[in-house]
Amino acid sequence: MHPKNEALLKRLTEVTQQGSVTWRETSLSDQFIVSLGSGSVLLSRKYVSVLGEISPCTEYIMTITDVNGNEVDTVSIINSSKLGTSARIDFGHLKNLYNLISRNVRRVDQTIDSLLSDLG
């Protein structure tokens, strides 16, 4: 992954953990977007078949758009047994951010807290 993309991914994770940015779901399944002054970032999850893999592999895609909505860059990593070490690390970072966003947008923790409260 390009160092600028790594820096963006790291910063997005930090501000998402802090609750400083607002992600929202798009009309596509398993895709989230955050809009900023200079553009937007979309994070998607897909399941794809890869030759030689027993079951479909998970793919995470980070798409960067400019202020006009034009795609300027995309990072896509598929979880495959053939991944090298650095690609596995990049995959892990994208997966962690996706899961963090999903929990926040879908209010998973709040729902679990309510259920626990209901149970006493």
# chains A, B, ... in the order shown; residues from 1 in each chain; ligands from 1

$ residues_around --residues "range 61-64 of chain A" --least-positions-apart "3" --cutoff "12 Å" --atoms "only C-alpha atoms" --output "number ranges by chain"
A: 1, 4-6, 8-9, 12, 30-36, 38-47, 58, 67-79, 90-91, 93-95, 97-98

$ select_by_dssp --residues "range 20-108 of chain A" --states "strand (DSSP E or B)" --output "number ranges by chain"
A: 24-25, 31-36, 39-48, 57-66, 71-78

$ write_last_selection --atoms "C-alpha atoms" --output "PDB file, in the first residue's frame"
ATOM      1  CA  ARG A  24     -22.964   6.378   7.088  1.00  0.00           C
ATOM      2  CA  GLU A  25     -24.195   3.408   5.104  1.00  0.00           C
ATOM      3  CA  GLN A  31     -20.391  -0.170   2.150  1.00  0.00           C
ATOM      4  CA  PHE A  32     -19.837   2.914   4.302  1.00  0.00           C
ATOM      5  CA  ILE A  33     -18.885   6.487   3.415  1.00  0.00           C
ATOM      6  CA  VAL A  34     -17.432   9.465   5.224  1.00  0.00           C
ATOM      7  CA  SER A  35     -17.603  12.848   3.498  1.00  0.00           C
ATOM      8  CA  LEU A  36     -14.971  15.443   4.293  1.00  0.00           C
ATOM      9  CA  GLY A  39     -13.624  14.533  -0.785  1.00  0.00           C
ATOM     10  CA  SER A  40     -14.934  11.251   0.519  1.00  0.00           C
ATOM     11  CA  VAL A  41     -13.721   7.820   1.506  1.00  0.00           C
ATOM     12  CA  LEU A  42     -15.786   4.708   0.928  1.00  0.00           C
ATOM     13  CA  LEU A  43     -15.011   1.413   2.629  1.00  0.00           C
ATOM     14  CA  SER A  44     -16.571  -1.748   1.231  1.00  0.00           C
ATOM     15  CA  ARG A  45     -16.514  -5.463   1.945  1.00  0.00           C
ATOM     16  CA  LYS A  46     -17.127  -8.119  -0.699  1.00  0.00           C
ATOM     17  CA  TYR A  47     -16.816 -11.870  -0.925  1.00  0.00           C
ATOM     18  CA  VAL A  48     -15.012 -13.086  -4.015  1.00  0.00           C
ATOM     19  CA  CYS A  57     -12.348 -14.796   0.194  1.00  0.00           C
ATOM     20  CA  THR A  58     -13.118 -11.478   1.841  1.00  0.00           C
ATOM     21  CA  GLU A  59     -12.064  -8.362  -0.036  1.00  0.00           C
ATOM     22  CA  TYR A  60     -11.892  -4.906   1.537  1.00  0.00           C
ATOM     23  CA  ILE A  61     -11.878  -1.890  -0.743  1.00  0.00           C
ATOM     24  CA  MET A  62     -11.049   1.693   0.226  1.00  0.00           C
ATOM     25  CA  THR A  63     -12.075   4.157  -2.479  1.00  0.00           C
ATOM     26  CA  ILE A  64     -11.022   7.802  -2.322  1.00  0.00           C
ATOM     27  CA  THR A  65     -12.986  10.445  -4.234  1.00  0.00           C
ATOM     28  CA  ASP A  66     -12.364  14.138  -4.766  1.00  0.00           C
ATOM     29  CA  GLU A  71     -12.556   8.407  -7.946  1.00  0.00           C
ATOM     30  CA  VAL A  72      -8.909   9.347  -7.421  1.00  0.00           C
ATOM     31  CA  ASP A  73      -7.531   6.165  -5.821  1.00  0.00           C
ATOM     32  CA  THR A  74      -8.555   2.701  -4.706  1.00  0.00           C
ATOM     33  CA  VAL A  75      -6.951   0.184  -2.387  1.00  0.00           C
ATOM     34  CA  SER A  76      -8.246  -3.361  -2.643  1.00  0.00           C
ATOM     35  CA  ILE A  77      -6.934  -6.344  -0.693  1.00  0.00           C
ATOM     36  CA  ILE A  78      -8.286  -9.888  -0.780  1.00  0.00           C
TER      37      ILE A  78
END

$ closest_residue --among "A:Ser80, A:Arg88, A:Pro3, A:Glu14" --to "Ser49 in chain A" --atoms "only C-alpha atoms"
A:Ser80

$ closest_residue --among "A:Val50, A:Ile89, A:His2, A:Asn104" --to "Gln17 in chain A" --atoms "only C-alpha atoms"
A:Asn104

$ select_by_dssp --residues "chain A" --states "alpha helix (DSSP H)" --output "MDAnalysis selection string"
chainID A and resid 3:18 85:105 108:119

$ write_last_selection --atoms "N, CA and C atoms" --output "compact mmCIF listing (two decimals), in the first residue's frame"
# COMPACT_ATOMS: atom_id res chain seq x y z
N PRO A 3 2.40 4.77 0.95
CA PRO A 3 2.50 5.41 2.28
C PRO A 3 1.40 6.44 2.55
N LYS A 4 0.96 7.17 1.54
CA LYS A 4 -0.12 8.16 1.74
C LYS A 4 -1.42 7.44 2.10
N ASN A 5 -1.68 6.32 1.44
CA ASN A 5 -2.90 5.55 1.74
C ASN A 5 -2.81 4.97 3.15
N GLU A 6 -1.61 4.51 3.54
CA GLU A 6 -1.42 3.99 4.90
C GLU A 6 -1.69 5.08 5.93
N ALA A 7 -1.18 6.28 5.67
CA ALA A 7 -1.39 7.39 6.59
C ALA A 7 -2.87 7.74 6.69
N LEU A 8 -3.57 7.75 5.55
CA LEU A 8 -5.01 8.03 5.56
C LEU A 8 -5.76 6.97 6.33
N LEU A 9 -5.43 5.72 6.11
CA LEU A 9 -6.10 4.61 6.80
C LEU A 9 -5.87 4.71 8.32
N LYS A 10 -4.65 5.00 8.70
CA LYS A 10 -4.33 5.14 10.13
C LYS A 10 -5.12 6.30 10.75
N ARG A 11 -5.15 7.42 10.07
CA ARG A 11 -5.86 8.60 10.62
C ARG A 11 -7.36 8.36 10.67
N LEU A 12 -7.91 7.71 9.63
CA LEU A 12 -9.34 7.39 9.64
C LEU A 12 -9.69 6.49 10.82
N THR A 13 -8.83 5.54 11.11
CA THR A 13 -9.07 4.65 12.24
C THR A 13 -9.07 5.44 13.54
N GLU A 14 -8.10 6.35 13.69
CA GLU A 14 -8.02 7.15 14.91
C GLU A 14 -9.26 8.02 15.11
N VAL A 15 -9.66 8.76 14.07
CA VAL A 15 -10.80 9.67 14.23
C VAL A 15 -12.12 8.91 14.34
N THR A 16 -12.18 7.72 13.77
CA THR A 16 -13.38 6.89 13.91
C THR A 16 -13.49 6.39 15.34
N GLN A 17 -12.37 5.96 15.92
CA GLN A 17 -12.37 5.50 17.31
C GLN A 17 -12.76 6.64 18.25
N GLN A 18 -12.33 7.86 17.93
CA GLN A 18 -12.64 9.03 18.76
C GLN A 18 -14.07 9.54 18.54
N THR A 85 3.41 -10.94 3.85
CA THR A 85 3.28 -10.36 5.19
C THR A 85 2.74 -8.94 5.17
N SER A 86 3.28 -8.07 4.32
CA SER A 86 2.82 -6.67 4.31
C SER A 86 1.38 -6.58 3.84
N ALA A 87 0.98 -7.40 2.88
CA ALA A 87 -0.41 -7.39 2.40
C ALA A 87 -1.35 -7.89 3.51
N ARG A 88 -0.89 -8.87 4.31
CA ARG A 88 -1.71 -9.35 5.42
C ARG A 88 -1.93 -8.24 6.45
N ILE A 89 -0.88 -7.46 6.71
CA ILE A 89 -0.99 -6.34 7.65
C ILE A 89 -1.97 -5.30 7.10
N ASP A 90 -1.84 -4.95 5.81
CA ASP A 90 -2.75 -3.99 5.19
C ASP A 90 -4.18 -4.50 5.24
N PHE A 91 -4.39 -5.79 4.96
CA PHE A 91 -5.71 -6.39 5.01
C PHE A 91 -6.28 -6.26 6.42
N GLY A 92 -5.45 -6.55 7.43
CA GLY A 92 -5.88 -6.46 8.81
C GLY A 92 -6.30 -5.06 9.19
N HIS A 93 -5.58 -4.05 8.71
CA HIS A 93 -5.93 -2.66 9.02
C HIS A 93 -7.26 -2.27 8.38
N LEU A 94 -7.46 -2.66 7.11
CA LEU A 94 -8.74 -2.37 6.44
C LEU A 94 -9.89 -3.09 7.13
N LYS A 95 -9.66 -4.34 7.49
CA LYS A 95 -10.70 -5.13 8.17
C LYS A 95 -11.06 -4.50 9.52
N ASN A 96 -10.05 -4.11 10.28
CA ASN A 96 -10.31 -3.50 11.59
C ASN A 96 -11.11 -2.21 11.46
N LEU A 97 -10.75 -1.36 10.49
CA LEU A 97 -11.50 -0.12 10.29
C LEU A 97 -12.92 -0.42 9.86
N TYR A 98 -13.10 -1.36 8.95
CA TYR A 98 -14.45 -1.74 8.50
C TYR A 98 -15.29 -2.20 9.69
N ASN A 99 -14.74 -3.06 10.52
CA ASN A 99 -15.49 -3.58 11.68
C ASN A 99 -15.82 -2.47 12.67
N LEU A 100 -14.89 -1.55 12.89
CA LEU A 100 -15.13 -0.41 13.77
C LEU A 100 -16.26 0.46 13.24
N ILE A 101 -16.22 0.75 11.95
CA ILE A 101 -17.27 1.56 11.32
C ILE A 101 -18.62 0.85 11.42
N SER A 102 -18.64 -0.42 11.09
CA SER A 102 -19.88 -1.19 11.12
C SER A 102 -20.50 -1.19 12.51
N ARG A 103 -19.70 -1.41 13.54
CA ARG A 103 -20.21 -1.40 14.92
C ARG A 103 -20.77 -0.03 15.29
N ASN A 104 -20.07 1.05 14.85
CA ASN A 104 -20.53 2.40 15.17
C ASN A 104 -21.82 2.74 14.44
N VAL A 105 -21.85 2.53 13.13
CA VAL A 105 -23.01 2.91 12.33
C VAL A 105 -24.23 2.09 12.72
N VAL A 108 -24.02 -1.31 17.38
CA VAL A 108 -23.92 -2.65 17.96
C VAL A 108 -23.70 -2.58 19.47
N ASP A 109 -22.74 -1.78 19.91
CA ASP A 109 -22.43 -1.72 21.34
C ASP A 109 -23.61 -1.20 22.16
N GLN A 110 -24.31 -0.20 21.64
CA GLN A 110 -25.46 0.35 22.36
C GLN A 110 -26.58 -0.69 22.47
N THR A 111 -26.78 -1.45 21.40
CA THR A 111 -27.81 -2.48 21.43
C THR A 111 -27.47 -3.57 22.43
N ILE A 112 -26.20 -3.99 22.45
CA ILE A 112 -25.78 -5.00 23.41
C ILE A 112 -25.91 -4.49 24.83
N ASP A 113 -25.53 -3.22 25.05
CA ASP A 113 -25.68 -2.64 26.40
C ASP A 113 -27.15 -2.64 26.82
N SER A 114 -28.05 -2.31 25.91
CA SER A 114 -29.49 -2.32 26.22
C SER A 114 -29.97 -3.72 26.54
N LEU A 115 -29.51 -4.70 25.77
CA LEU A 115 -29.89 -6.09 26.04
C LEU A 115 -29.40 -6.53 27.41
N LEU A 116 -28.14 -6.19 27.72
CA LEU A 116 -27.61 -6.55 29.03
C LEU A 116 -28.39 -5.90 30.15
N SER A 117 -28.78 -4.64 29.94
CA SER A 117 -29.58 -3.93 30.93
C SER A 117 -30.94 -4.59 31.10
N ASP A 118 -31.55 -5.01 29.99
CA ASP A 118 -32.84 -5.69 30.05
C ASP A 118 -32.74 -7.01 30.84
N LEU A 119 -31.60 -7.64 30.75
CA LEU A 119 -31.40 -8.92 31.44
C LEU A 119 -31.07 -8.75 32.91
